[in-house]
Structure formats: structure tokens, C-alpha cells
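The block underneath contains the structure these notes are about, expressed in C-alpha cells.
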There are 2 protein chains.
Amino acid sequence: MTVQKAPARPYHHGDLRRALADAATELAAVGGAENVTLREVARRVGVSASAAYRHFPNREGLLAQVASEAREALARRMVAAVAAVGAGSDGAPVDRFRATGRAYIEFALDEPGLFEVAFRACPPDLYVPDDPSPYALLSEALDTLDHAGLLAVKRPGAETAAWVAVHGAAVLLGDGMLPPSDRDTIIDATLDMVGGGLLVATAHA
Amino acid sequence: MTVQKAPARPYHHGDLRRALADAATELAAVGGAENVTLREVARRVGVSASAAYRHFPNREGLLAQVASEAREALARRMVAAVAAVGAGSDGAPVDRFRATGRAYIEFALDEPGLFEVAFRACPPDLYVPDDPSPYALLSEALDTLDHAGLLAVKRPGAETAAWVAVHGAAVLLGDGMLPPSDRDTIIDATLDMVGGGLLVATAHA
DNA sequence: CTGCTATGTGAACAGTGTCCACTTTACGAG
DNA sequence: CTCGTAAAGTGGACACTGTTCACATAGCAG
């Protein structure tokens, strides 16, 4: 037998920061923020718990990174949804807008753990920005509607109001405060309300 | 000096369950759920930590009780708000409805810790129902609008859609995901959107 | 008075976040 | 090439947490 000069894992990991964030994301996907334990994350990567402090200020900092990436995943899902709609009928900005909102809610229900972490209150000094941001995508979709002359209200806060409704549905459905059996009804009612409240009458038949 | 036969706190507390819930509520009001520690709650009441387990199955059970009472406090605030509106002009169900929603959001901003606990995901076997419930109050306000012939949509889920928007605004503003400077603008835009999406055109001038 | 039962105690266990002094490695200056 | 310095990882400690257990106490029914 030749001498084993190279151990399976070298002393230096290579990209421990990434590995930690990935492991933390897996734990968050399973059980939300409370399931993300610095020690368990380190254990999974095969590293000591204190090693994490070379790459993140603390547990909250690690969670902030996970949150940012979770928001990006949500955003990707939203763009994928509009792309799918655009492929069929590309002249329907209202449909694209609805698809954006629907994707937001469906992400929250498919990935409750990640969604919870994505919008957890976070001390400002630890906040990690995300790009593209789900909010920006919703704003964009509304801008498109505006340029098409379909937006009834131009009051500042219109795009925020849309986000608010979609986010509320996602949170309440995800936390089980609303009966899961009414899932689709609630989603439709929410999107209808947004449409009715923000669009000109002709836009939503 | 006479002998001290009666210590300040007798061995049996009298109503330890209430005292624990109250102390937990105080802690939750200051720092949300994560600030509610079974040991600190017990410490404040002047009792051993394990005593709490005679009255609650575990920490989560104590938090469920706090949550229920927090929802009741929110509901009280909503009825107070409609009462205040009703006093002035009692023939304006739309104003009452807006006041209900506004009170909901303002409670979330005034008492962020309690609001967070109030709507935390909770295992069903620990859930403590509340009466009156904020959701029931919003539904009531919408029923009134319906009887007055002001509701444009009767689709099941209309009251849920209203809740969803109001709750979303409360959550996003409370978690600092939206600029606090736009607070009032956002609240107004949200309530306008709900009105525009659910009411007949004549109702919101 | 005598037990029974509800209530409260204190010690223990496993697990956590965080910090510290220490070791190991990588890498650039000379 | 060598060597020192800084980056990266280690293990052990500390204080704290939720939870459980055998035990102590007090009030109440018979």
C-alpha cells in the first residue's frame, strides 16, 4: 500500500463560505430558520463550529446570506413564470403580471422554509442585498402595465400595494392561518383584488 | 420582631398560569418570540423553570397562549377603531371598514413583538383559539358592506383577500422590508387597492 | 387526622452560540 | 528557495437554553 499523503479533506476547505451557505440553505429548506444551527451546519460540512466565524460574523449573518439567496431563487421562479406565459401570448401584460404574483405565492408554498428565511426581520448591518429582487420584478411588471396604459392608479405605492397583497397571501397560506383547501380560491381572489384595485376597468374582463 | 410566618410568596402561587402568560407577553412585547425564554419567564415570576411545565406542555405551548391573547388585543384595537369612527358619522360602512384595516396595520407597527408572536406558525395541537378573532372582525366589516350593497365581488375569498392585503402591509412594514418613511403612503395605497378591488365603483369616490 | 393529588423544587442532560488561545496552511517578499 | 506573516481551521471553554426526573410541599376530600 502506498502512503496516503492526501487526506480526503485538506486542512483548508477551498470555499468554505459557499459550503456553509449551501448546507445552511438545505437545513432552512427542511425546517426554516429555527432548523439552521451553526453547529449542525459545520458538522455537515465536516468542519469545526468555530470555523464558521472566519466567514460570517455570527449565525444571524449566515442566515442573512441564506435569505438573500432564497430571495434570488424566488425571483428566478418569477421570471421563469413570466417567460412561460410570454411564450404563449406575448401581448398580454396583465397575464404576465398575474403570473408573477402567482409564482411568488407558489414559491412560498413549495418552499416554506426558504420563504420564511427570505423575509425574516434582519438587523440592517447584516442585510445582504439580492439581485434580482422579487420586489423589483413586481415593480417592473407594473411598470410594463403602466406603459401599456393599463394602470388606473399612479399614486406612489401602487407597486408596493401589489407586493403587499401577494406577500400577505403567501404568508397566511404558508403559516396555515388559512385553510389549505381554499388555496386556489384564495390565490385567485387575491390576484383579482389586485387587478381590480390597480388596473383600468377594461384590463380585467 | 415577630416571627415571619408568611413568606412574601407562598409555596403555591395561586394563579401561576396567568402570571407566566403575563410575563411571557411582556417579554414578547419587547423582543418577539425569540425573546421569550422559559427560564427568564419563570425567573420573573419568581418560580423554578420546571414549574412552568405544570401549566404548559412546553415553551411552544406557552407561546401559543401568548399568541392567542395577542390576537385578542389586536381585535380589541380594531373594534375600538370602528367605534371611534362610528361615533362621528355612523352611516359610513366603508369608513368603518377602512378603520378596521388601518387599526390592524397600526397595531402591527406599535406592537411588533406581539404581532410577530400572534401569527407565528404553530403546531395545530397547541393552537389556542381567540375570540374575537381579527379575521372574524374583518369578515364582519365586509358583511356589513355586502348588506349595504357596496360589495362588487361576492366570490368566496373576498374577505380573505382583504385580510391578505392588510396582513401583508403589516408584515412587510413591520419587518423593515419597506421604507418606514413611506409608512402612511403605503397604508393608504393598500386600503385604496382593497377598496378598488372589492367595492362597487360608487363606494370609493 | 390521613392520605391523595396538584403544584413547585433542584439537579441533571444534551444541545446551543460565541469566544479564546492555539495550530496548520498558503503565499509573497527577500 | 526560504521564511515570516496573515488567513483559515481546531478544540475547549463559558454561559445559556429546553426538558425531564425524583423529590418536597401544600391543600383538600374522606
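Residues are named by chain letter and number: chains run A, B, ... in the order of the C-alpha cells, numbers start at 1 in each chain, and ligands are numbered from 1 in the order shown.
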Give the helix (DSSP H, G or I) residues of range 9-203 of chain B, as DSSP finds them on the backbone, and put them as a JSON list (two decimals) with C-alpha atoms, in the first residue's frame.
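Saved result, selection-v5.json, follows:
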[["chain", "number", "residue", "atom", "x", "y", "z"],
["B", 16, "LEU", "CA", -49.19, 30.68, 38.15],
["B", 17, "ARG", "CA", -50.56, 30.02, 34.69],
["B", 18, "ARG", "CA", -51.76, 33.61, 34.39],
["B", 19, "ALA", "CA", -48.56, 35.00, 35.85],
["B", 20, "LEU", "CA", -46.45, 33.01, 33.39],
["B", 21, "ALA", "CA", -48.56, 34.10, 30.42],
["B", 22, "ASP", "CA", -48.33, 37.73, 31.52],
["B", 23, "ALA", "CA", -44.56, 37.63, 31.97],
["B", 24, "ALA", "CA", -44.17, 35.90, 28.61],
["B", 25, "THR", "CA", -46.33, 38.57, 26.98],
["B", 26, "GLU", "CA", -44.11, 41.31, 28.41],
["B", 27, "LEU", "CA", -41.01, 39.62, 27.03],
["B", 28, "ALA", "CA", -42.68, 39.06, 23.67],
["B", 29, "ALA", "CA", -43.71, 42.71, 23.52],
["B", 30, "VAL", "CA", -40.09, 43.76, 23.96],
["B", 31, "GLY", "CA", -38.29, 41.32, 21.68],
["B", 33, "ALA", "CA", -40.86, 35.24, 20.25],
["B", 34, "GLU", "CA", -37.10, 34.74, 20.38],
["B", 35, "ASN", "CA", -37.00, 36.90, 23.48],
["B", 38, "LEU", "CA", -38.97, 29.71, 29.63],
["B", 39, "ARG", "CA", -36.26, 30.24, 32.20],
["B", 40, "GLU", "CA", -36.49, 34.03, 32.10],
["B", 41, "VAL", "CA", -40.28, 33.90, 32.33],
["B", 42, "ALA", "CA", -40.02, 31.67, 35.40],
["B", 43, "ARG", "CA", -37.32, 33.90, 36.87],
["B", 44, "ARG", "CA", -39.56, 36.96, 36.56],
["B", 45, "VAL", "CA", -42.43, 35.24, 38.29],
["B", 49, "ALA", "CA", -38.27, 26.80, 35.41],
["B", 50, "SER", "CA", -39.76, 23.36, 35.71],
["B", 51, "ALA", "CA", -42.85, 24.73, 37.44],
["B", 52, "ALA", "CA", -43.98, 26.07, 34.08],
["B", 53, "TYR", "CA", -44.43, 22.51, 32.84],
["B", 54, "ARG", "CA", -47.34, 22.04, 35.26],
["B", 59, "ARG", "CA", -42.31, 26.59, 25.52],
["B", 60, "GLU", "CA", -44.30, 26.40, 22.31],
["B", 61, "GLY", "CA", -47.49, 25.89, 24.29],
["B", 62, "LEU", "CA", -46.78, 28.99, 26.36],
["B", 63, "LEU", "CA", -46.14, 30.95, 23.16],
["B", 64, "ALA", "CA", -49.43, 29.68, 21.72],
["B", 65, "GLN", "CA", -51.23, 31.14, 24.71],
["B", 66, "VAL", "CA", -49.40, 34.46, 24.30],
["B", 67, "ALA", "CA", -50.30, 34.41, 20.60],
["B", 68, "SER", "CA", -53.98, 33.91, 21.29],
["B", 69, "GLU", "CA", -54.05, 36.81, 23.73],
["B", 70, "ALA", "CA", -52.09, 38.98, 21.31],
["B", 71, "ARG", "CA", -54.67, 38.31, 18.60],
["B", 72, "GLU", "CA", -57.39, 39.28, 21.05],
["B", 73, "ALA", "CA", -55.58, 42.51, 21.86],
["B", 74, "LEU", "CA", -55.36, 43.24, 18.13],
["B", 75, "ALA", "CA", -59.07, 42.51, 17.77],
["B", 76, "ARG", "CA", -59.89, 44.87, 20.64],
["B", 77, "ARG", "CA", -57.95, 47.58, 18.92],
["B", 78, "MET", "CA", -59.92, 47.03, 15.72],
["B", 79, "VAL", "CA", -63.31, 47.27, 17.42],
["B", 80, "ALA", "CA", -62.15, 50.39, 19.26],
["B", 81, "ALA", "CA", -61.18, 51.94, 15.93],
["B", 82, "VAL", "CA", -64.55, 51.27, 14.28],
["B", 83, "ALA", "CA", -66.30, 52.51, 17.39],
["B", 84, "ALA", "CA", -64.38, 55.77, 17.15],
["B", 85, "VAL", "CA", -65.39, 56.17, 13.51],
["B", 86, "GLY", "CA", -68.96, 55.16, 14.15],
["B", 87, "ALA", "CA", -69.28, 57.89, 16.74],
["B", 88, "GLY", "CA", -68.64, 60.61, 14.19],
["B", 93, "PRO", "CA", -69.64, 51.35, 6.41],
["B", 94, "VAL", "CA", -66.74, 51.97, 4.04],
["B", 95, "ASP", "CA", -65.08, 54.25, 6.58],
["B", 96, "ARG", "CA", -65.58, 51.63, 9.25],
["B", 97, "PHE", "CA", -64.02, 49.03, 7.04],
["B", 98, "ARG", "CA", -61.00, 51.21, 6.33],
["B", 99, "ALA", "CA", -60.65, 51.97, 10.02],
["B", 100, "THR", "CA", -60.62, 48.26, 10.76],
["B", 101, "GLY", "CA", -57.81, 47.63, 8.31],
["B", 102, "ARG", "CA", -55.86, 50.66, 9.43],
["B", 103, "ALA", "CA", -56.07, 49.61, 13.06],
["B", 104, "TYR", "CA", -54.73, 46.18, 12.12],
["B", 105, "ILE", "CA", -51.66, 47.66, 10.45],
["B", 106, "GLU", "CA", -51.08, 50.21, 13.17],
["B", 107, "PHE", "CA", -51.18, 47.54, 15.85],
["B", 108, "ALA", "CA", -48.51, 45.64, 13.98],
["B", 109, "LEU", "CA", -46.30, 48.73, 13.94],
["B", 110, "ASP", "CA", -46.98, 49.76, 17.53],
["B", 112, "PRO", "CA", -44.19, 44.46, 16.56],
["B", 113, "GLY", "CA", -43.21, 41.83, 19.11],
["B", 114, "LEU", "CA", -46.77, 40.87, 19.97],
["B", 115, "PHE", "CA", -47.81, 40.93, 16.33],
["B", 116, "GLU", "CA", -44.99, 38.60, 15.37],
["B", 117, "VAL", "CA", -46.00, 36.11, 18.03],
["B", 118, "ALA", "CA", -49.69, 36.45, 17.17],
["B", 124, "PRO", "CA", -52.18, 22.51, 15.41],
["B", 125, "ASP", "CA", -52.34, 20.59, 18.69],
["B", 126, "LEU", "CA", -51.02, 23.61, 20.56],
["B", 134, "PRO", "CA", -59.11, 39.70, 13.86],
["B", 135, "TYR", "CA", -60.12, 37.74, 10.79],
["B", 136, "ALA", "CA", -63.70, 37.44, 12.01],
["B", 137, "LEU", "CA", -63.82, 41.19, 12.54],
["B", 138, "LEU", "CA", -62.66, 41.90, 9.01],
["B", 139, "SER", "CA", -65.18, 39.43, 7.67],
["B", 140, "GLU", "CA", -67.91, 41.14, 9.67],
["B", 141, "ALA", "CA", -66.98, 44.53, 8.30],
["B", 142, "LEU", "CA", -67.19, 43.10, 4.78],
["B", 143, "ASP", "CA", -70.54, 41.50, 5.54],
["B", 144, "THR", "CA", -71.86, 44.89, 6.52],
["B", 145, "LEU", "CA", -70.62, 46.29, 3.23],
["B", 146, "ASP", "CA", -72.32, 43.46, 1.40],
["B", 147, "HIS", "CA", -75.67, 44.06, 3.09],
["B", 158, "ALA", "CA", -63.30, 38.27, -0.81],
["B", 159, "GLU", "CA", -62.89, 38.75, 2.93],
["B", 160, "THR", "CA", -59.76, 36.64, 2.79],
["B", 161, "ALA", "CA", -58.33, 38.84, 0.06],
["B", 162, "ALA", "CA", -58.88, 41.88, 2.21],
["B", 163, "TRP", "CA", -57.17, 40.24, 5.14],
["B", 164, "VAL", "CA", -54.31, 39.17, 2.94],
["B", 165, "ALA", "CA", -53.58, 42.71, 1.80],
["B", 166, "VAL", "CA", -53.81, 44.24, 5.24],
["B", 167, "HIS", "CA", -51.70, 41.49, 6.77],
["B", 168, "GLY", "CA", -49.08, 41.80, 4.06],
["B", 169, "ALA", "CA", -48.71, 45.50, 4.65],
["B", 170, "ALA", "CA", -48.42, 44.91, 8.39],
["B", 171, "VAL", "CA", -45.75, 42.25, 7.96],
["B", 172, "LEU", "CA", -43.62, 44.00, 5.37],
["B", 173, "LEU", "CA", -43.72, 47.34, 7.15],
["B", 174, "GLY", "CA", -43.08, 45.71, 10.49],
["B", 180, "PRO", "CA", -40.71, 53.37, 7.18],
["B", 181, "SER", "CA", -40.78, 56.86, 5.70],
["B", 182, "ASP", "CA", -43.42, 55.73, 3.21],
["B", 183, "ARG", "CA", -45.48, 54.27, 6.00],
["B", 184, "ASP", "CA", -48.65, 56.33, 5.56],
["B", 185, "THR", "CA", -48.44, 56.30, 1.78],
["B", 186, "ILE", "CA", -48.23, 52.53, 1.78],
["B", 187, "ILE", "CA", -51.09, 52.11, 4.21],
["B", 188, "ASP", "CA", -53.31, 54.38, 2.13],
["B", 189, "ALA", "CA", -52.34, 52.70, -1.13],
["B", 190, "THR", "CA", -53.10, 49.30, 0.36],
["B", 191, "LEU", "CA", -56.51, 50.33, 1.65],
["B", 192, "ASP", "CA", -57.27, 52.04, -1.66],
["B", 193, "MET", "CA", -56.35, 48.88, -3.53],
["B", 194, "VAL", "CA", -58.59, 46.77, -1.34],
["B", 195, "GLY", "CA", -61.43, 49.24, -1.81],
["B", 196, "GLY", "CA", -60.92, 49.43, -5.55],
["B", 197, "GLY", "CA", -60.69, 45.68, -5.88],
["B", 198, "LEU", "CA", -63.68, 44.70, -3.80],
["B", 201, "ALA", "CA", -67.33, 51.98, -8.11],
["B", 202, "THR", "CA", -69.67, 54.37, -6.31],
["B", 203, "ALA", "CA", -68.41, 53.35, -2.91]]
Residue hits in chain D, query chain B, radius 8 Å, only C-alpha atoms (C1' of nucleotides), as a ChimeraX atom specification: /D:17-18,25-26
Taking C-alpha atoms (C1' of nucleotides) for each residue, export the selection above as a short mmCIF file (atom, residue, chain, number, x, y, z; two decimals), in the first residue's frame.
data_model
loop_
_atom_site.label_atom_id
_atom_site.label_comp_id
_atom_site.auth_asym_id
_atom_site.auth_seq_id
_atom_site.Cartn_x
_atom_site.Cartn_y
_atom_site.Cartn_z
"C1'" DT D 17 -31.26 27.21 26.67
"C1'" DG D 18 -35.48 23.41 26.80
"C1'" DT D 25 -44.67 20.62 49.86
"C1'" DA D 26 -49.35 22.14 50.46
#
9 Å contacts from chain C to chain A using only C-alpha atoms (C1' of nucleotides), as a count of residues only: 6
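Counting only C-alpha atoms (C1' of nucleotides) and comparing C:DA6, C:DC1, C:DA11, C:DA26, the residue that lies closest to DA6 in chain D is C:DA26.
The space between CA of Val36 in chain B and C1' of DT19 in chain D spans 15.9 Å.
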Counting only C-alpha atoms (C1' of nucleotides), the option among C:DG15, C:DG30, C:DT23, C:DG8 closest to DA8 in chain D: C:DT23
Residue among A:Val47, A:Leu178, A:Val128, A:Ala92 lying closest to chain B, counting only C-alpha atoms: A:Leu178
Top pick for closest residue to chain A, considering B:His13, B:His55, B:Arg120, B:Lys154 and counting only C-alpha atoms: B:Arg120
Using only C-alpha atoms: which of A:Gly14, A:Pro132, A:Gly32, A:Pro57 has the shortest distance to chain B: A:Gly32
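Counting from C1' of DT10 in chain D, the distance to C1' of DA21 in chain C is 10.5 Å.
Nearest to chain A of all the residues B:Val200, B:Ala121, B:Val153, B:Ala148 is B:Ala121, counting only C-alpha atoms.
Relative to CA of Ser48 in chain A, C1' of DA14 in chain C is found at 18.5 Å.
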